[in-house]
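Dumped model_0.csv below, it's CSV, C-alpha atoms:
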chain,number,residue,atom,x,y,z
E,1,MET,CA,13.5,-0.3,4.8
E,2,THR,CA,15.3,-2.3,7.5
E,3,GLU,CA,13.8,-4.9,9.8
E,4,ARG,CA,14.8,-3.9,13.4
E,5,GLY,CA,15.0,-6.0,16.6
E,6,GLN,CA,13.5,-4.8,19.9
E,7,ARG,CA,16.6,-3.0,21.1
E,8,HIS,CA,16.5,-0.8,18.0
E,9,VAL,CA,12.9,0.2,18.5
E,10,GLN,CA,11.5,3.0,20.8
E,11,ARG,CA,7.9,3.9,21.2
E,12,SER,CA,5.8,6.6,23.0
E,13,ALA,CA,2.3,7.9,22.5
E,14,CYS,CA,3.3,10.1,19.6
E,15,ARG,CA,6.6,8.8,18.3
E,16,LEU,CA,8.0,5.5,16.9
E,17,ALA,CA,11.7,5.3,16.3
E,18,LEU,CA,13.1,2.4,14.2
E,19,GLY,CA,16.9,2.7,14.4
E,20,PRO,CA,17.9,6.1,13.0
E,21,SER,CA,14.5,6.7,11.4
E,22,ALA,CA,11.3,7.8,13.2
E,23,LEU,CA,7.6,8.7,12.8
E,24,GLU,CA,6.1,11.4,15.0
E,25,TRP,CA,2.6,12.9,15.3
E,26,GLY,CA,2.5,16.7,16.0
E,27,ASP,CA,2.4,20.1,14.3
E,28,GLY,CA,-0.8,19.2,12.4
E,29,GLY,CA,0.3,16.0,10.9
E,30,LEU,CA,2.7,13.1,10.7
E,31,THR,CA,6.5,13.7,10.2
E,32,ILE,CA,8.5,10.8,8.9
E,33,ALA,CA,12.3,11.2,9.3
E,34,ILE,CA,14.2,8.8,7.0
E,35,ASP,CA,17.8,7.8,7.5
E,36,GLU,CA,18.3,4.5,5.7
E,37,TRP,CA,20.3,2.6,3.1
E,38,ALA,CA,18.7,1.3,-0.1
E,39,ASN,CA,19.3,-2.3,-1.1
E,40,PRO,CA,20.5,-4.4,-2.9
E,41,VAL,CA,22.7,-1.6,-4.4
E,42,PRO,CA,23.8,0.4,-1.4
E,43,ARG,CA,22.6,4.0,-1.6
E,44,ARG,CA,21.8,6.5,1.1
E,45,VAL,CA,18.1,7.5,1.6
E,46,ARG,CA,17.8,10.5,3.9
E,47,GLY,CA,15.2,13.2,4.3
E,48,THR,CA,11.7,14.1,5.6
E,49,VAL,CA,8.2,13.3,4.6
E,50,ARG,CA,5.3,15.3,6.1
E,51,VAL,CA,1.7,14.1,5.8
E,52,ARG,CA,-1.0,16.7,6.5
E,53,PRO,CA,-4.4,14.9,7.0
E,54,GLY,CA,-7.6,16.6,5.9
E,55,ALA,CA,-9.4,14.6,8.5
E,56,LEU,CA,-8.7,11.5,10.7
E,57,THR,CA,-11.0,8.5,10.7
E,58,ASP,CA,-11.7,5.5,12.9
E,59,TYR,CA,-13.1,3.5,10.1
E,60,VAL,CA,-12.0,-0.2,10.2
E,61,ALA,CA,-13.0,-3.1,7.8
E,62,ALA,CA,-12.3,-6.8,8.1
E,63,LEU,CA,-10.6,-8.3,5.1
E,64,ASP,CA,-11.6,-11.9,5.9
E,65,PRO,CA,-14.7,-13.6,7.2
E,66,ARG,CA,-13.1,-14.2,10.7
E,67,SER,CA,-11.9,-10.6,11.1
E,68,ARG,CA,-8.3,-11.8,11.6
E,69,HIS,CA,-7.1,-9.2,9.1
E,70,ARG,CA,-8.2,-5.6,9.3
E,71,TRP,CA,-7.7,-2.4,7.3
E,72,GLY,CA,-8.3,1.1,8.4
E,73,PRO,CA,-7.6,4.4,6.5
E,74,ILE,CA,-6.2,6.8,9.1
E,75,ALA,CA,-6.2,9.8,6.7
E,76,PRO,CA,-7.8,8.9,3.4
E,77,CYS,CA,-7.7,12.5,2.1
E,78,ALA,CA,-4.4,14.2,2.9
E,79,ARG,CA,-1.5,16.2,1.4
E,80,VAL,CA,2.2,15.2,1.4
E,81,GLU,CA,5.4,17.2,1.3
E,82,VAL,CA,8.6,15.2,0.4
E,83,CYS,CA,12.0,16.7,1.1
E,84,LEU,CA,14.9,14.3,0.5
E,85,GLU,CA,18.5,15.2,0.8
E,86,GLN,CA,19.7,11.9,-0.6
E,87,PRO,CA,18.7,11.5,-3.4
E,88,ALA,CA,17.9,15.2,-3.9
E,89,LEU,CA,14.1,15.1,-4.4
E,90,ARG,CA,11.3,17.6,-3.5
E,91,TRP,CA,7.7,17.4,-4.4
E,92,GLN,CA,4.2,17.6,-2.9
E,93,GLY,CA,0.7,16.3,-3.8
E,94,HIS,CA,-2.3,14.3,-2.8
E,95,ALA,CA,-1.7,11.7,-0.1
E,96,TYR,CA,-3.3,8.8,1.7
E,97,LEU,CA,-2.4,7.1,5.0
E,98,ASP,CA,-3.7,3.8,6.2
E,99,SER,CA,-3.0,0.9,8.5
E,100,ASN,CA,-3.2,-2.9,8.2
E,101,GLU,CA,-3.1,-5.4,11.1
E,102,GLY,CA,-3.5,-9.1,11.5
E,103,ASP,CA,-3.6,-11.9,14.0
E,104,GLU,CA,-1.9,-14.4,11.7
E,105,PRO,CA,0.4,-14.3,8.6
E,106,ILE,CA,-1.3,-13.1,5.4
E,107,THR,CA,-0.4,-16.4,3.8
E,108,GLU,CA,-2.9,-18.1,6.1
E,109,ALA,CA,-5.9,-16.2,4.8
E,110,PHE,CA,-5.2,-14.9,1.3
E,111,THR,CA,-4.0,-15.9,-2.1
E,112,THR,CA,-4.0,-12.5,-3.8
E,113,TRP,CA,-5.5,-9.0,-3.4
E,114,ASP,CA,-5.8,-5.9,-5.6
E,115,TRP,CA,-6.0,-2.6,-3.8
E,116,MET,CA,-6.6,0.8,-5.3
E,117,ARG,CA,-7.2,4.4,-4.3
E,118,ALA,CA,-8.3,7.2,-6.5
E,119,PRO,CA,-8.8,10.9,-5.7
E,120,LEU,CA,-12.1,12.2,-7.1
E,121,PRO,CA,-12.9,15.8,-8.3
E,122,ASP,CA,-14.9,16.7,-5.2
E,123,GLY,CA,-11.9,16.1,-2.9
E,124,SER,CA,-13.0,12.7,-1.8
E,125,THR,CA,-11.0,9.5,-2.1
E,126,LEU,CA,-12.3,6.1,-3.4
E,127,VAL,CA,-10.7,3.0,-2.0
E,128,VAL,CA,-11.2,-0.5,-3.4
E,129,TYR,CA,-10.1,-3.8,-1.8
E,130,ASP,CA,-10.5,-6.8,-4.0
E,131,VAL,CA,-9.5,-9.7,-1.8
E,132,HIS,CA,-9.2,-13.4,-2.8
E,133,GLY,CA,-9.1,-15.9,0.1
E,134,GLN,CA,-7.7,-19.3,0.4
E,135,GLU,CA,-11.2,-20.6,-0.2
E,136,GLU,CA,-13.3,-19.1,-3.0
E,137,ARG,CA,-16.2,-18.2,-0.6
E,138,GLU,CA,-13.7,-16.2,1.5
E,139,GLY,CA,-13.1,-13.5,-1.1
E,140,ARG,CA,-14.2,-10.0,-0.2
E,141,LEU,CA,-14.9,-6.9,-2.2
E,142,ILE,CA,-14.8,-3.5,-0.5
E,143,GLY,CA,-15.5,-0.2,-2.1
E,144,THR,CA,-15.6,2.9,0.1
E,145,ARG,CA,-15.7,6.6,-0.7
E,146,PHE,CA,-14.2,8.9,2.0
E,147,ALA,CA,-15.3,12.5,2.0
E,148,ALA,CA,-12.7,15.2,2.7
E,149,ALA,CA,-14.3,15.7,6.1
E,150,GLY,CA,-13.8,12.0,6.9
E,151,SER,CA,-17.2,10.4,6.5
E,152,ALA,CA,-17.4,7.1,4.7
E,153,SER,CA,-20.0,5.6,2.3
E,154,ALA,CA,-20.2,2.3,0.5
E,155,VAL,CA,-19.8,2.3,-3.3
E,156,GLU,CA,-21.2,-0.3,-5.7
E,157,LEU,CA,-18.3,-1.5,-7.9
E,158,PRO,CA,-18.3,-2.5,-11.5
E,159,PRO,CA,-16.9,-5.8,-12.9
E,160,ARG,CA,-13.2,-6.7,-12.6
E,161,GLN,CA,-11.0,-6.4,-15.7
E,162,PRO,CA,-7.6,-8.0,-16.1
E,163,LEU,CA,-4.5,-5.8,-16.4
E,164,ALA,CA,-1.3,-6.9,-18.1
E,165,PRO,CA,0.7,-9.2,-15.8
E,166,THR,CA,3.8,-7.7,-14.0
E,167,GLY,CA,7.3,-8.3,-15.1
E,168,TRP,CA,7.4,-11.1,-12.6
E,169,ARG,CA,4.2,-12.6,-14.1
E,170,VAL,CA,2.0,-11.7,-11.2
E,171,ARG,CA,-1.6,-11.5,-12.4
E,172,ARG,CA,-3.5,-8.4,-11.5
E,173,GLY,CA,-6.9,-6.7,-12.2
E,174,VAL,CA,-8.9,-3.6,-11.7
E,175,ARG,CA,-12.5,-2.5,-11.4
E,176,SER,CA,-13.7,-0.4,-14.2
E,177,GLU,CA,-16.9,1.1,-15.7
E,178,CYS,CA,-15.3,1.2,-19.1
E,179,PRO,CA,-15.4,-1.8,-21.5
E,180,PRO,CA,-12.0,-3.5,-21.9
E,181,GLY,CA,-9.7,-1.2,-23.9
E,182,PRO,CA,-7.3,1.6,-23.7
E,183,GLN,CA,-9.4,3.5,-21.2
E,184,THR,CA,-8.4,0.9,-18.6
E,185,THR,CA,-4.7,0.4,-18.5
E,186,VAL,CA,-1.4,0.5,-16.6
E,187,VAL,CA,0.1,4.0,-17.1
E,188,ARG,CA,3.3,3.3,-15.2
E,189,THR,CA,4.6,0.6,-12.9
E,190,LEU,CA,6.5,2.1,-9.9
E,191,GLU,CA,7.5,-1.1,-8.1
E,192,ASP,CA,7.7,-4.6,-9.5
E,193,THR,CA,8.8,-7.4,-7.2
E,194,PRO,CA,8.4,-11.2,-7.3
E,195,PHE,CA,5.2,-11.0,-5.1
E,196,TYR,CA,4.1,-7.3,-5.2
E,197,ALA,CA,3.6,-4.5,-7.7
E,198,ARG,CA,2.6,-0.9,-7.3
E,199,SER,CA,1.4,1.0,-10.4
E,200,LEU,CA,-0.5,4.1,-11.7
E,201,VAL,CA,-3.6,2.8,-13.4
E,202,ARG,CA,-6.1,4.7,-15.6
E,203,THR,CA,-9.7,3.5,-15.1
E,204,ARG,CA,-13.3,4.8,-14.6
E,205,LEU,CA,-15.1,4.6,-11.3
E,206,ALA,CA,-18.1,6.4,-9.7
E,207,GLY,CA,-18.7,8.2,-13.0
E,208,HIS,CA,-15.2,9.7,-13.3
E,209,ASP,CA,-12.1,8.9,-15.3
E,210,VAL,CA,-9.4,8.5,-12.6
E,211,LEU,CA,-5.7,8.0,-12.3
E,212,ALA,CA,-5.4,5.6,-9.4
E,213,MET,CA,-2.7,4.2,-7.3
E,214,HIS,CA,-3.0,0.4,-7.6
E,215,GLU,CA,-1.2,-2.5,-5.9
E,216,THR,CA,-1.3,-6.2,-6.3
E,217,LEU,CA,-0.1,-8.7,-3.7
E,218,SER,CA,0.4,-12.4,-4.3
E,219,ALA,CA,0.4,-13.9,-0.8
E,220,THR,CA,1.0,-17.3,-2.3
E,221,ARG,CA,4.2,-16.1,-4.1
E,222,PHE,CA,5.3,-14.2,-0.9
E,223,GLY,CA,5.1,-17.5,1.1
E,224,SER,CA,7.2,-19.5,-1.3
E,225,ARG,CA,10.6,-20.5,-0.2
E,226,TRP,CA,12.5,-18.9,-3.0
E,227,VAL,CA,10.9,-15.5,-2.4
E,228,GLN,CA,11.5,-15.7,1.4
E,229,ALA,CA,15.2,-16.4,0.6
E,230,LEU,CA,15.4,-13.2,-1.4
E,231,LEU,CA,13.8,-10.9,1.2
E,232,PRO,CA,17.0,-10.2,3.3
E,233,TRP,CA,18.7,-8.9,0.2
E,234,ARG,CA,16.0,-6.3,-0.3
E,235,MET,CA,15.2,-5.6,3.4
E,236,PRO,CA,18.2,-6.3,5.7
E,237,ARG,CA,17.8,-7.2,9.3
E,238,ARG,CA,19.5,-5.5,12.3
E,239,GLY,CA,19.4,-6.8,15.8
When written as structure tokens, how does the structure in this file appear?
Amino acid sequence: MTERGQRHVQRSACRLALGPSALEWGDGGLTIAIDEWANPVPRRVRGTVRVRPGALTDYVAALDPRSRHRWGPIAPCARVEVCLEQPALRWQGHAYLDSNEGDEPITEAFTTWDWMRAPLPDGSTLVVYDVHGQEEREGRLIGTRFAAAGSASAVELPPRQPLAPTGWRVRRGVRSECPPGPQTTVVRTLEDTPFYARSLVRTRLAGHDVLAMHETLSATRFGSRWVQALLPWRMPRRG
């Protein structure tokens, strides 16, 4: 929640400390200790999140034709336990942990992407990346089903359907086996920013009606000057 300079960062084989917060592998999973301030309205965020992987994977997929941007699900089928002191929140449920890395800014390769992950009845997780590159031929569609034991298999995906634009008028879409209608809809938007939105979406994939976590990123909007000027108000910088 805060961008940190080098002197505020410490790293070892199993631990990454960012100022007063830290991530650490051990005791059967990942423990995330949070000690931050929310912005733009100052509010303390403090507590612990524990991620318990069902299995770890070494699966990696390129998001662009030159493999300059890569995505890998570290624990696609997991459980999470959230225990926050401030605000006072406790809950547990299905979880997913992944990683993105790149050799250049995302604005160099992409215009937008829609990402989605959905838990399926057999305990597997279906992940969809619908990427739109700077050039039309550079778009990429990835559909992968991860079994609870960690194995991965490709999934043929249905056509893309538009979803209602976000409050900031960012266009978004979702893959669905249902015809356009109430079966494919945004149930709740959890985060809505000028360039990014995260929502719960109801759709049908792999023969199942699913409630999926969905995100839309507009790299074009992210790279605009007015959005860049807003970022420090949402994510302050230290050191």
Among the residues E:Ala13, E:Leu231, E:Ile74, E:Val82, the one that comes closest to His94 in chain E [using all atoms listed in the file]: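 Under the stated criterion, the closest residue is E:Val82.
Counting from CA of Pro20 in chain E, the distance to CA of Glu104 in chain E is 28.5 Å.
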Distance of CA of Leu56 in chain E from CA of Thr203 in chain E, expressed in Å to one decimal place: 27.0 Å
Length of the CA of Arg198 in chain E to CA of Pro165 in chain E vector [Å]: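 Here the two named atoms are 12.0 Å from each other.
Of the listed residues E:Pro105, E:Pro180, E:Pro159, E:Gly54, the one whose atoms come nearest to Ser124 in chain E is E:Gly54, with distances taken using only C-alpha atoms.
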Among the residues E:Ala154, E:Met1, E:Ala109, E:Leu205, the one that comes closest to Leu63 in chain E [using all atoms listed in the file]: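 Comparing E:Ala154, E:Met1, E:Ala109, E:Leu205 against Leu63 in chain E, the winner is E:Ala109.
Shown here are all protein and nucleic acid residues lying within 12 Å of (-6.9, -20.1, -3.3), with all atoms listed in the file considered: E:Thr107, E:Glu108, E:Ala109, E:Phe110, E:Thr111, E:Thr112, E:Trp113, E:Val131, E:His132, E:Gly133, E:Gln134, E:Glu135, E:Glu136, E:Arg137, E:Glu138, E:Gly139, E:Ser218, E:Ala219, E:Thr220, E:Arg221.
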Please produce an output containing C-alpha atoms for each residue in the selection, written as a compact mmCIF listing (two decimals), in the frame of the given file.
# COMPACT_ATOMS: atom_id res chain seq x y z
CA THR E 107 -0.40 -16.40 3.80
CA GLU E 108 -2.90 -18.10 6.10
CA ALA E 109 -5.90 -16.20 4.80
CA PHE E 110 -5.20 -14.90 1.30
CA THR E 111 -4.00 -15.90 -2.10
CA THR E 112 -4.00 -12.50 -3.80
CA TRP E 113 -5.50 -9.00 -3.40
CA VAL E 131 -9.50 -9.70 -1.80
CA HIS E 132 -9.20 -13.40 -2.80
CA GLY E 133 -9.10 -15.90 0.10
CA GLN E 134 -7.70 -19.30 0.40
CA GLU E 135 -11.20 -20.60 -0.20
CA GLU E 136 -13.30 -19.10 -3.00
CA ARG E 137 -16.20 -18.20 -0.60
CA GLU E 138 -13.70 -16.20 1.50
CA GLY E 139 -13.10 -13.50 -1.10
CA SER E 218 0.40 -12.40 -4.30
CA ALA E 219 0.40 -13.90 -0.80
CA THR E 220 1.00 -17.30 -2.30
CA ARG E 221 4.20 -16.10 -4.10
From E:His8, E:Arg145, E:His214, E:Arg90, residue lying nearest Arg188 in chain E [all atoms listed in the file]: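 Ranked by minimum distance to Arg188 in chain E, first place goes to E:His214.
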Spatial neighbours of Asp103 in chain E, max dist 10 Å, only C-alpha atoms, sep filter under 4 positions, as a PyMOL selection string: chain E and resi 67-70
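Counting all atoms listed in the file, the residue from E:Asn100, E:Ser199, E:Thr2, E:Ser153 that sits nearest to Val45 in chain E is E:Thr2.
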Protein and nucleic acid residues near (15.2, 3.8, 17.1) (cut-off 7 Å, only C-alpha atoms) as a PyMOL selection string: chain E and resi 8-10+17-22
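When only C-alpha atoms are used to measure the gap to Ala152 in chain E, the shortest distance among E:Val60, E:Val187, E:Ala88, E:Ala206 belongs to E:Val60.
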Within 9 Å of Asp98 in chain E using all atoms listed in the file, minus same-chain residues under 3 positions, as a PyMOL selection string: chain E and resi 71-76
All residues 6 Å or closer to Tyr129 in chain E, all atoms listed in the file, same chain fewer than 5 positions away omitted, as JSON, numbers by chain: {"E": [115, 141, 142]}
Show which residues sit within 12 Å of Pro121 in chain E, as a compact mmCIF listing (two decimals) with C-alpha atoms, in the frame of the given file. Count only C-alpha atoms, and ignore same-chain residues fewer than 6 positions away.
# COMPACT_ATOMS: atom_id res chain seq x y z
CA ALA E 147 -15.30 12.50 2.00
CA ALA E 148 -12.70 15.20 2.70
CA LEU E 205 -15.10 4.60 -11.30
CA ALA E 206 -18.10 6.40 -9.70
CA GLY E 207 -18.70 8.20 -13.00
CA HIS E 208 -15.20 9.70 -13.30
CA ASP E 209 -12.10 8.90 -15.30
CA VAL E 210 -9.40 8.50 -12.60
CA LEU E 211 -5.70 8.00 -12.30
